[in-house]
>>> print(open('start.txt').read())   # compact mmCIF, C-alpha atoms
# COMPACT_ATOMS: atom_id res chain seq x y z
CA MET A 212 93.26 128.39 3.89
CA ASN A 213 94.47 131.82 2.75
CA SER A 214 93.52 135.30 3.93
CA ILE A 215 91.67 136.23 0.70
CA VAL A 216 89.26 133.33 1.17
CA THR A 217 88.81 134.41 4.79
CA GLN A 218 88.00 137.98 3.70
CA ARG A 219 85.33 136.69 1.30
CA PHE A 220 83.91 134.47 4.04
CA VAL A 221 83.61 137.52 6.31
CA LYS A 222 81.77 139.36 3.50
CA CYS A 223 79.27 136.50 3.33
CA HIS A 224 78.81 136.67 7.11
CA ASP A 225 78.25 140.44 6.94
CA LYS A 226 75.74 140.01 4.09
CA LEU A 227 73.75 137.50 6.15
CA LYS A 228 73.54 140.05 8.99
CA GLN A 229 72.53 142.88 6.64
CA GLU A 230 69.70 140.74 5.25
CA ASN A 231 68.65 139.69 8.80
CA ARG A 232 69.19 136.05 7.94
CA ILE A 233 71.23 135.80 11.14
CA LYS A 234 70.63 137.83 14.28
CA SER A 235 74.22 137.93 15.49
CA SER A 236 77.70 136.55 14.90
CA ARG A 237 77.25 134.38 17.98
CA GLN A 238 74.09 132.82 16.54
CA PHE A 239 75.92 132.28 13.23
CA ALA A 240 78.78 130.46 14.98
CA ILE A 241 76.48 128.27 17.07
CA SER A 242 74.40 127.32 14.03
CA LEU A 243 77.60 126.05 12.41
CA ASP A 244 78.72 124.19 15.55
CA TYR A 245 81.67 126.57 15.88
CA LEU A 246 83.03 128.42 18.90
CA PRO A 247 81.85 132.07 18.93
CA GLN A 248 85.27 133.13 20.29
CA SER A 249 87.01 131.45 17.33
CA LEU A 250 84.62 133.09 14.86
CA SER A 251 85.38 136.44 16.48
CA GLU A 252 89.07 135.86 15.75
CA ILE A 253 88.21 135.19 12.09
CA LEU A 254 86.06 138.31 11.82
CA ARG A 255 88.89 140.42 13.28
CA GLY A 256 91.41 139.01 10.79
CA ARG A 257 93.42 137.15 13.42
CA ARG A 258 92.64 133.65 12.16
CA ASP A 259 91.86 132.10 8.78
CA VAL A 260 88.61 130.29 8.10
CA THR A 261 88.84 126.49 8.10
CA ILE A 262 87.65 124.06 5.45
CA GLU A 263 85.25 122.51 7.99
CA LEU A 264 83.65 125.89 8.76
CA ILE A 265 83.25 126.57 5.04
CA ARG A 266 81.71 123.11 4.55
CA LYS A 267 79.06 123.82 7.20
CA ALA A 268 78.39 127.33 5.87
CA VAL A 269 77.83 125.84 2.40
CA GLN A 270 75.38 123.31 3.83
CA VAL A 271 73.47 125.61 6.19
CA TYR A 272 73.53 129.02 4.47
CA LYS A 273 74.27 127.95 0.86
CA VAL A 274 77.43 130.07 0.76
CA ASN A 275 78.87 129.76 -2.74
CA PRO A 276 82.33 128.09 -2.60
CA VAL A 277 83.09 129.35 -6.12
CA PHE A 278 82.79 132.92 -4.79
CA LEU A 279 84.94 132.09 -1.76
CA TYR A 280 87.79 130.57 -3.77
CA THR A 281 87.74 132.66 -6.95
CA GLY A 282 85.74 135.82 -6.17
CA GLU A 283 83.47 135.03 -9.10
CA GLY A 284 79.70 134.58 -9.04
CA SER A 285 77.24 135.40 -6.30
CA MET A 286 77.96 135.08 -2.58
CA PHE A 287 75.22 132.49 -2.21
CA ALA A 288 74.70 129.58 -4.59
CA SER A 289 71.77 129.48 -6.98
CA GLU A 290 69.80 126.26 -7.39
CA GLU A 291 71.90 125.31 -10.42
CA GLU A 292 75.17 126.07 -8.60
CA LYS A 293 74.07 124.05 -5.57
CA ARG A 294 73.86 120.91 -7.70
CA ASP A 295 77.54 121.33 -8.69
CA VAL A 296 78.91 121.94 -5.18
CA ARG A 297 81.16 119.20 -3.82
CA VAL A 298 81.72 119.36 -0.06
CA LEU A 299 84.91 117.94 1.44
CA THR A 300 84.85 116.21 4.81
CA VAL A 301 87.86 116.97 7.01
CA LEU A 302 89.01 115.84 10.46
CA SER A 303 90.30 118.19 13.14
CA ASN A 304 92.03 117.84 16.50
CA SER A 305 90.95 119.45 19.77
CA ASN A 306 92.56 122.74 18.69
CA ALA A 307 90.48 122.87 15.48
CA GLU A 308 93.61 122.09 13.43
CA GLU A 309 93.02 119.86 10.45
CA ARG A 310 94.57 116.41 10.44
CA ILE A 311 95.88 114.56 7.40
CA VAL A 312 93.55 111.71 6.49
CA HIS A 313 95.39 108.69 5.11
CA VAL A 314 93.83 106.47 2.44
CA PRO A 315 95.48 103.01 2.45
CA LEU A 316 95.70 101.08 -0.79
CA THR A 317 93.07 98.58 0.37
CA ALA A 318 90.62 101.41 1.13
CA GLN A 319 91.04 103.30 -2.16
CA PRO A 320 88.26 101.53 -4.13
CA ALA A 321 85.85 102.31 -1.29
CA TYR A 322 87.20 105.87 -1.01
CA ALA A 323 86.40 106.47 -4.68
CA ASP A 324 82.74 105.73 -3.91
CA GLU A 325 82.50 107.06 -0.34
CA CYS A 326 84.79 110.12 -0.33
CA SER A 327 81.83 112.41 0.41
CA ASN A 328 80.56 110.21 3.25
CA PRO A 329 81.66 111.74 6.61
CA GLU A 330 81.30 108.43 8.46
CA PHE A 331 83.65 106.69 6.01
CA ILE A 332 86.24 109.50 6.22
CA GLU A 333 86.13 109.33 10.01
CA SER A 334 86.88 105.59 9.84
CA LEU A 335 90.21 106.22 8.07
CA PRO A 336 93.48 106.78 9.96
CA SER A 337 94.62 110.38 10.38
CA TYR A 338 97.74 112.12 11.66
CA SER A 339 99.59 115.45 11.78
CA LEU A 340 102.97 116.55 10.46
CA SER A 341 104.96 119.22 12.27
CA ASP A 342 106.03 121.19 9.19
CA TYR A 343 104.07 124.45 8.98
CA LYS A 344 103.22 123.95 5.30
CA TYR A 345 100.91 121.09 6.30
CA ARG A 346 98.92 123.41 8.57
CA VAL A 347 97.76 125.67 5.75
CA GLY A 348 95.18 123.99 3.54
CA THR A 349 93.69 120.52 3.51
CA PHE A 350 95.92 117.51 2.93
CA ARG A 351 95.35 113.82 2.39
CA SER A 352 97.86 111.00 1.90
CA PHE A 353 97.52 107.97 -0.36
CA ASP A 354 99.43 104.71 -0.70
CA VAL A 355 101.12 104.18 -4.06
CA GLY A 356 100.22 100.91 -5.77
CA GLY A 357 101.70 99.31 -8.88
CA ASP A 358 104.45 100.51 -11.18
CA TYR A 359 102.53 103.24 -13.02
CA MET A 360 104.75 106.11 -11.87
CA LEU A 361 108.18 104.50 -11.98
CA PRO A 362 110.79 105.82 -11.44
CA ALA A 363 109.28 108.85 -9.62
CA LEU A 364 107.15 106.74 -7.25
CA LEU A 365 107.64 103.16 -6.11
CA GLU A 366 105.01 100.75 -4.86
CA GLY A 367 104.80 101.18 -1.09
CA ASP A 368 105.51 104.92 -1.14
CA LYS A 369 102.99 107.32 0.36
CA VAL A 370 102.19 110.67 -1.23
CA VAL A 371 100.94 113.69 0.72
CA ALA A 372 98.74 115.96 -1.39
CA ASN A 373 96.73 119.16 -0.96
CA PHE A 374 93.13 119.53 -2.10
CA ILE A 375 92.29 121.42 -5.31
CA GLU A 376 88.83 122.96 -5.24
CA PRO A 377 86.68 122.02 -8.27
CA ALA A 378 86.22 125.72 -9.01
CA LEU A 379 90.00 125.96 -9.49
CA TRP A 380 90.53 122.88 -11.68
CA GLU A 381 90.56 124.82 -14.94
CA THR A 382 93.18 127.33 -13.82
CA GLY A 383 94.87 125.64 -10.86
CA ILE A 384 95.86 122.23 -12.26
CA GLN A 385 99.39 122.58 -13.64
CA ASP A 386 100.72 120.79 -16.69
CA ASN A 387 103.29 118.03 -16.11
CA HIS A 388 102.64 117.90 -12.34
CA VAL A 389 101.63 114.68 -10.60
CA TYR A 390 98.18 114.50 -9.00
CA VAL A 391 95.92 112.07 -7.20
CA ILE A 392 92.76 111.87 -9.29
CA VAL A 393 89.68 110.38 -7.66
CA LYS A 394 87.30 109.19 -10.34
CA TYR A 395 84.17 107.09 -10.02
CA GLY A 396 85.31 103.65 -8.85
CA GLN A 397 89.07 104.30 -8.81
CA VAL A 398 91.91 106.36 -7.33
CA LEU A 399 94.68 107.20 -9.82
CA ILE A 400 98.12 108.76 -9.38
CA ARG A 401 99.17 110.23 -12.71
CA ARG A 402 101.06 113.02 -14.42
CA VAL A 403 98.46 115.49 -15.69
CA PHE A 404 98.11 117.86 -18.63
CA ASN A 405 95.26 120.31 -18.22
CA LYS A 406 93.07 120.59 -21.32
CA LEU A 407 89.88 121.57 -19.48
CA ARG A 408 89.69 125.00 -21.11
CA SER A 409 90.37 123.84 -24.67
CA ASP A 410 89.05 120.27 -24.83
CA ARG A 411 87.15 119.80 -21.54
CA VAL A 412 89.40 116.91 -20.45
CA LEU A 413 92.35 116.16 -18.20
CA GLU A 414 95.02 114.08 -19.91
CA LEU A 415 96.48 111.52 -17.49
CA TYR A 416 99.82 109.85 -18.18
CA ALA A 417 101.79 107.18 -16.34
CA ASP A 418 105.55 107.75 -16.20
CA ASN A 419 105.86 104.05 -17.04
CA LYS A 420 105.32 104.23 -20.79
CA SER A 421 103.92 100.69 -20.99
CA TYR A 422 100.57 102.14 -19.85
CA ASN A 423 98.25 104.06 -22.15
CA PRO A 424 97.10 107.61 -21.32
CA GLU A 425 93.58 108.29 -20.09
CA PHE A 426 91.36 111.26 -20.88
CA LEU A 427 88.84 112.35 -18.24
CA PRO A 428 86.08 114.97 -18.58
CA PRO A 429 85.36 116.97 -15.41
CA SER A 430 82.04 115.12 -15.01
CA GLY A 431 84.01 111.92 -14.40
CA ILE A 432 86.21 113.41 -11.67
CA LYS A 433 85.27 113.51 -7.99
CA GLU A 434 88.41 114.96 -6.37
CA VAL A 435 91.83 116.29 -7.40
CA TRP A 436 94.83 116.39 -5.03
CA HIS A 437 98.17 118.00 -5.93
CA ILE A 438 101.10 115.93 -4.65
CA ASN A 439 103.25 117.94 -2.28
CA SER A 440 105.67 115.32 -0.96
CA LYS A 441 106.25 111.60 -0.63
CA ILE A 442 107.11 109.30 2.24
CA SER A 443 109.31 106.38 1.21
CA PRO A 444 110.41 103.36 3.25
CA PHE A 445 114.16 103.22 3.88
CA LEU A 446 115.67 100.10 2.32
CA HIS A 447 118.99 98.80 3.58
CA SER A 448 119.43 96.69 0.46
CA PRO A 449 118.17 97.43 -3.06
CA ASP A 450 114.79 95.97 -3.90
CA LYS A 451 113.83 94.75 -7.37
CA TRP A 452 112.76 98.21 -8.56
CA GLN A 453 115.96 99.85 -7.38
CA LYS A 454 118.04 97.09 -8.97
CA GLN A 455 116.11 97.51 -12.22
CA LEU A 456 116.68 101.26 -12.18
CA MET A 457 120.39 100.83 -11.44
CA ASP A 458 120.73 98.34 -14.30
CA GLU A 459 118.91 100.71 -16.67
CA LEU A 460 121.15 103.60 -15.57
CA LYS A 461 124.25 101.45 -16.13
CA ASP A 462 123.01 100.48 -19.62
CA THR A 463 122.29 104.13 -20.46
CA ARG A 464 125.77 105.21 -19.38
CA GLN A 465 127.37 102.45 -21.45
CA MET A 466 125.27 103.42 -24.47
CA MET A 467 126.34 107.07 -24.11
CA LEU A 468 129.98 106.00 -23.80
CA ASN A 469 129.71 103.87 -26.97
CA GLN A 470 128.07 106.74 -28.84
CA THR A 471 130.83 109.12 -27.70
CA LYS A 472 133.50 106.69 -28.97
CA LEU A 473 131.65 106.31 -32.29
CA ILE A 474 131.36 110.09 -32.75
CA HIS A 475 135.07 110.48 -31.93
CA SER A 476 135.96 107.75 -34.45
CA LEU A 477 133.81 109.36 -37.15
CA HIS A 478 135.41 112.72 -36.46
CA GLU A 479 138.92 111.23 -36.89
CA THR A 480 137.86 109.54 -40.13
CA LEU A 481 136.48 112.80 -41.52
CA GLU A 482 139.68 114.62 -40.60
CA LYS A 483 141.77 111.98 -42.43
CA LEU A 484 139.57 112.17 -45.53
CA SER A 485 139.76 115.95 -45.46
CA ALA A 486 143.56 115.80 -45.21
CA LYS A 487 143.78 113.48 -48.25
CA ASP A 488 141.55 115.75 -50.35
CA SER A 489 143.72 118.72 -49.58
>>> encode(input="start.txt", output="structure tokens")
Amino acid sequence: MNSIVTQRFVKCHDKLKQENRIKSSRQFAISLDYLPQSLSEILRGRRDVTIELIRKAVQVYKVNPVFLYTGEGSMFASEEEKRDVRVLTVLSNSNAEERIVHVPLTAQPAYADECSNPEFIESLPSYSLSDYKYRVGTFRSFDVGGDYMLPALLEGDKVVANFIEPALWETGIQDNHVYVIVKYGQVLIRRVFNKLRSDRVLELYADNKSYNPEFLPPSGIKEVWHINSKISPFLHSPDKWQKQLMDELKDTRQMMLNQTKLIHSLHETLEKLSAKDS
């Protein structure tokens, strides 16, 4: 979570006090099941607000996540905006640090239906990575299934991805980047082209060109995760996909060599014809 979001969260807290909707910062923290000392650190700018604290503030005080993440709209959601809010469930350790929830391949169909169910999320495995970049923001990892994203991703790889807020889909989803798209009934890993502003769809493409593209309107999307890194098993001997890629690379090199020889031969022929004409 970044400092700008934290500053907007503090503004919402201050507004609640001004309107006497909360009596004190301590009461605010307790109502959100959060340590008053930790909230004090946030209010003093010494700590960033967490996704879990935002989730509870959205539920209890109707804080507008669109305002928090973009600065647009009102601080507190209207009835219409409340219907569009999607709350993300996260897991934390004893130090209130978010853990990475892993979604195995076998659990992905259920995840597509139950991703907003806290009990289901808590049933999934979770872990932490030591790199600092995984401590800023909310991350989830997903097993890669099938050959859709060959050669970039192989079946059996795991991708680690950070959450993209729905309010940021239109401006934050980058063309030609690979995302995990959670739609109703299915989890997809695809290369994305963002046409939300112009055509109200995301264009999803598999790197394996034997698969057709898919076009999703925002109403058909539940979550979007931007892939940050991948975890691949180390193979001491090439598997079938590696062998296939090596064979294709060898064929491509041979084709380029043949084309180079042909171009060289044509060039020599043209030079001879030119010499005869002169």
>>> atom_distance(input="start.txt", atom1="atom CA of A:Ser303", atom2="atom CA of A:Pro336")
12.3 Å
>>> atom_distance(input="start.txt", atom1="atom CA of A:Ser235", atom2="atom CA of A:Ala268")
14.9 Å
>>> residues_around(input="start.txt", residues="stretch 212-229 of chain A", least_positions_apart="6", cutoff="6 Å", atoms="only C-alpha atoms", output="ChimeraX atom specification")
/A:259-260,279-280,347-348
>>> residues_around(input="start.txt", residues="stretch 363-380 of chain A", least_positions_apart="3", cutoff="9 Å", atoms="only C-alpha atoms", output="NGL selection string")
:A and (276-277 or 280-281 or 296-297 or 311 or 313 or 315 or 345 or 348-360 or 383-384 or 390-391 or 405 or 407 or 418 or 429 or 433-444 or 452)
>>> residues_near_point(input="start.txt", point="(102.9, 110.4, -21.1)", cutoff="12 Å", atoms="all atoms listed in the file", output="ChimeraX atom specification")
/A:359-360,386-389,401-404,414-426
>>> write_last_selection(input="start.txt", atoms="C-alpha atoms", output="mmCIF file, in the coordinates of the input")
data_model
loop_
_atom_site.group_PDB
_atom_site.id
_atom_site.type_symbol
_atom_site.label_atom_id
_atom_site.label_comp_id
_atom_site.auth_asym_id
_atom_site.auth_seq_id
_atom_site.Cartn_x
_atom_site.Cartn_y
_atom_site.Cartn_z
ATOM 1 C CA TYR A 359 102.530 103.240 -13.020
ATOM 2 C CA MET A 360 104.750 106.110 -11.870
ATOM 3 C CA ASP A 386 100.720 120.790 -16.690
ATOM 4 C CA ASN A 387 103.290 118.030 -16.110
ATOM 5 C CA HIS A 388 102.640 117.900 -12.340
ATOM 6 C CA VAL A 389 101.630 114.680 -10.600
ATOM 7 C CA ARG A 401 99.170 110.230 -12.710
ATOM 8 C CA ARG A 402 101.060 113.020 -14.420
ATOM 9 C CA VAL A 403 98.460 115.490 -15.690
ATOM 10 C CA PHE A 404 98.110 117.860 -18.630
ATOM 11 C CA GLU A 414 95.020 114.080 -19.910
ATOM 12 C CA LEU A 415 96.480 111.520 -17.490
ATOM 13 C CA TYR A 416 99.820 109.850 -18.180
ATOM 14 C CA ALA A 417 101.790 107.180 -16.340
ATOM 15 C CA ASP A 418 105.550 107.750 -16.200
ATOM 16 C CA ASN A 419 105.860 104.050 -17.040
ATOM 17 C CA LYS A 420 105.320 104.230 -20.790
ATOM 18 C CA SER A 421 103.920 100.690 -20.990
ATOM 19 C CA TYR A 422 100.570 102.140 -19.850
ATOM 20 C CA ASN A 423 98.250 104.060 -22.150
ATOM 21 C CA PRO A 424 97.100 107.610 -21.320
ATOM 22 C CA GLU A 425 93.580 108.290 -20.090
ATOM 23 C CA PHE A 426 91.360 111.260 -20.880
#
>>> atom_distance(input="start.txt", atom1="atom CA of A:Ser485", atom2="atom CA of A:Leu468")
25.8 Å
>>> closest_residue(input="start.txt", among="A:Arg237, A:His475, A:Phe445, A:Tyr343", to="A:Ser249", atoms="all atoms listed in the file")
A:Arg237
>>> axis_aligned_box(input="start.txt", around="stretch 462-473 of chain A", padding_each_side="3 Å", output="AutoDock Vina command-line options")
--center_x 127.9 --center_y 104.8 --center_z -25.8 --size_x 17.2 --size_y 14.6 --size_z 18.9
>>> closest_residue(input="start.txt", among="A:Pro247, A:Glu308, A:Ile241, A:Leu299", to="A:Ile265", atoms="only C-alpha atoms")
A:Leu299
>>> residues_near_point(input="start.txt", point="(87.8, 131.7, 18.5)", cutoff="12 Å", atoms="all atoms listed in the file", output="list in words")
Ser236, Arg237, Ala240, Ile241, Tyr245, Leu246, Pro247, Gln248, Ser249, Leu250, Ser251, Glu252, Ile253, Leu254, Arg255, Gly256, Arg257, Arg258, Asp259, Val260, Thr261, Asn306 and Ala307 of chain A
>>> decode(input="start.txt", residues="stretch 297-313 of chain A", atoms="N, CA and C atoms", output="PDB file, in the first residue's frame")
ATOM      1  N   ARG A 297     -15.946  -4.083  -4.568  1.00  0.00           N
ATOM      2  CA  ARG A 297     -15.521  -5.472  -4.439  1.00  0.00           C
ATOM      3  C   ARG A 297     -14.446  -5.511  -3.364  1.00  0.00           C
ATOM      4  N   VAL A 298     -14.676  -6.249  -2.304  1.00  0.00           N
ATOM      5  CA  VAL A 298     -13.775  -6.274  -1.158  1.00  0.00           C
ATOM      6  C   VAL A 298     -12.892  -7.509  -1.244  1.00  0.00           C
ATOM      7  N   LEU A 299     -11.596  -7.319  -1.077  1.00  0.00           N
ATOM      8  CA  LEU A 299     -10.628  -8.405  -1.166  1.00  0.00           C
ATOM      9  C   LEU A 299     -10.298  -8.925   0.217  1.00  0.00           C
ATOM     10  N   THR A 300     -10.341 -10.235   0.384  1.00  0.00           N
ATOM     11  CA  THR A 300      -9.960 -10.868   1.645  1.00  0.00           C
ATOM     12  C   THR A 300      -8.472 -11.178   1.617  1.00  0.00           C
ATOM     13  N   VAL A 301      -7.752 -10.775   2.651  1.00  0.00           N
ATOM     14  CA  VAL A 301      -6.316 -11.046   2.729  1.00  0.00           C
ATOM     15  C   VAL A 301      -6.012 -11.768   4.034  1.00  0.00           C
ATOM     16  N   LEU A 302      -4.857 -12.427   4.090  1.00  0.00           N
ATOM     17  CA  LEU A 302      -4.388 -13.100   5.295  1.00  0.00           C
ATOM     18  C   LEU A 302      -3.141 -12.408   5.806  1.00  0.00           C
ATOM     19  N   SER A 303      -3.009 -12.307   7.111  1.00  0.00           N
ATOM     20  CA  SER A 303      -1.866 -11.638   7.718  1.00  0.00           C
ATOM     21  C   SER A 303      -1.230 -12.539   8.764  1.00  0.00           C
ATOM     22  N   ASN A 304       0.067 -12.261   9.052  1.00  0.00           N
ATOM     23  CA  ASN A 304       0.738 -12.989  10.125  1.00  0.00           C
ATOM     24  C   ASN A 304       0.565 -12.229  11.432  1.00  0.00           C
ATOM     25  N   SER A 305       1.260 -12.678  12.467  1.00  0.00           N
ATOM     26  CA  SER A 305       1.099 -12.075  13.795  1.00  0.00           C
ATOM     27  C   SER A 305       1.597 -10.638  13.862  1.00  0.00           C
ATOM     28  N   ASN A 306       2.403 -10.226  12.859  1.00  0.00           N
ATOM     29  CA  ASN A 306       2.912  -8.856  12.821  1.00  0.00           C
ATOM     30  C   ASN A 306       2.091  -7.961  11.897  1.00  0.00           C
ATOM     31  N   ALA A 307       0.893  -8.448  11.534  1.00  0.00           N
ATOM     32  CA  ALA A 307      -0.013  -7.710  10.637  1.00  0.00           C
ATOM     33  C   ALA A 307       0.578  -7.522   9.245  1.00  0.00           C
ATOM     34  N   GLU A 308       1.508  -8.395   8.853  1.00  0.00           N
ATOM     35  CA  GLU A 308       2.081  -8.371   7.506  1.00  0.00           C
ATOM     36  C   GLU A 308       1.308  -9.350   6.630  1.00  0.00           C
ATOM     37  N   GLU A 309       0.938  -8.891   5.467  1.00  0.00           N
ATOM     38  CA  GLU A 309       0.139  -9.736   4.583  1.00  0.00           C
ATOM     39  C   GLU A 309       0.943 -10.922   4.058  1.00  0.00           C
ATOM     40  N   ARG A 310       0.270 -12.063   3.974  1.00  0.00           N
ATOM     41  CA  ARG A 310       0.874 -13.253   3.410  1.00  0.00           C
ATOM     42  C   ARG A 310       0.381 -13.441   1.973  1.00  0.00           C
ATOM     43  N   ILE A 311       1.136 -14.188   1.190  1.00  0.00           N
ATOM     44  CA  ILE A 311       0.754 -14.481  -0.182  1.00  0.00           C
ATOM     45  C   ILE A 311      -0.122 -15.726  -0.171  1.00  0.00           C
ATOM     46  N   VAL A 312      -1.355 -15.579  -0.604  1.00  0.00           N
ATOM     47  CA  VAL A 312      -2.277 -16.716  -0.698  1.00  0.00           C
ATOM     48  C   VAL A 312      -2.009 -17.430  -2.015  1.00  0.00           C
ATOM     49  N   HIS A 313      -1.865 -18.758  -1.943  1.00  0.00           N
ATOM     50  CA  HIS A 313      -1.615 -19.536  -3.159  1.00  0.00           C
ATOM     51  C   HIS A 313      -2.881 -20.260  -3.594  1.00  0.00           C
TER      52      HIS A 313
END
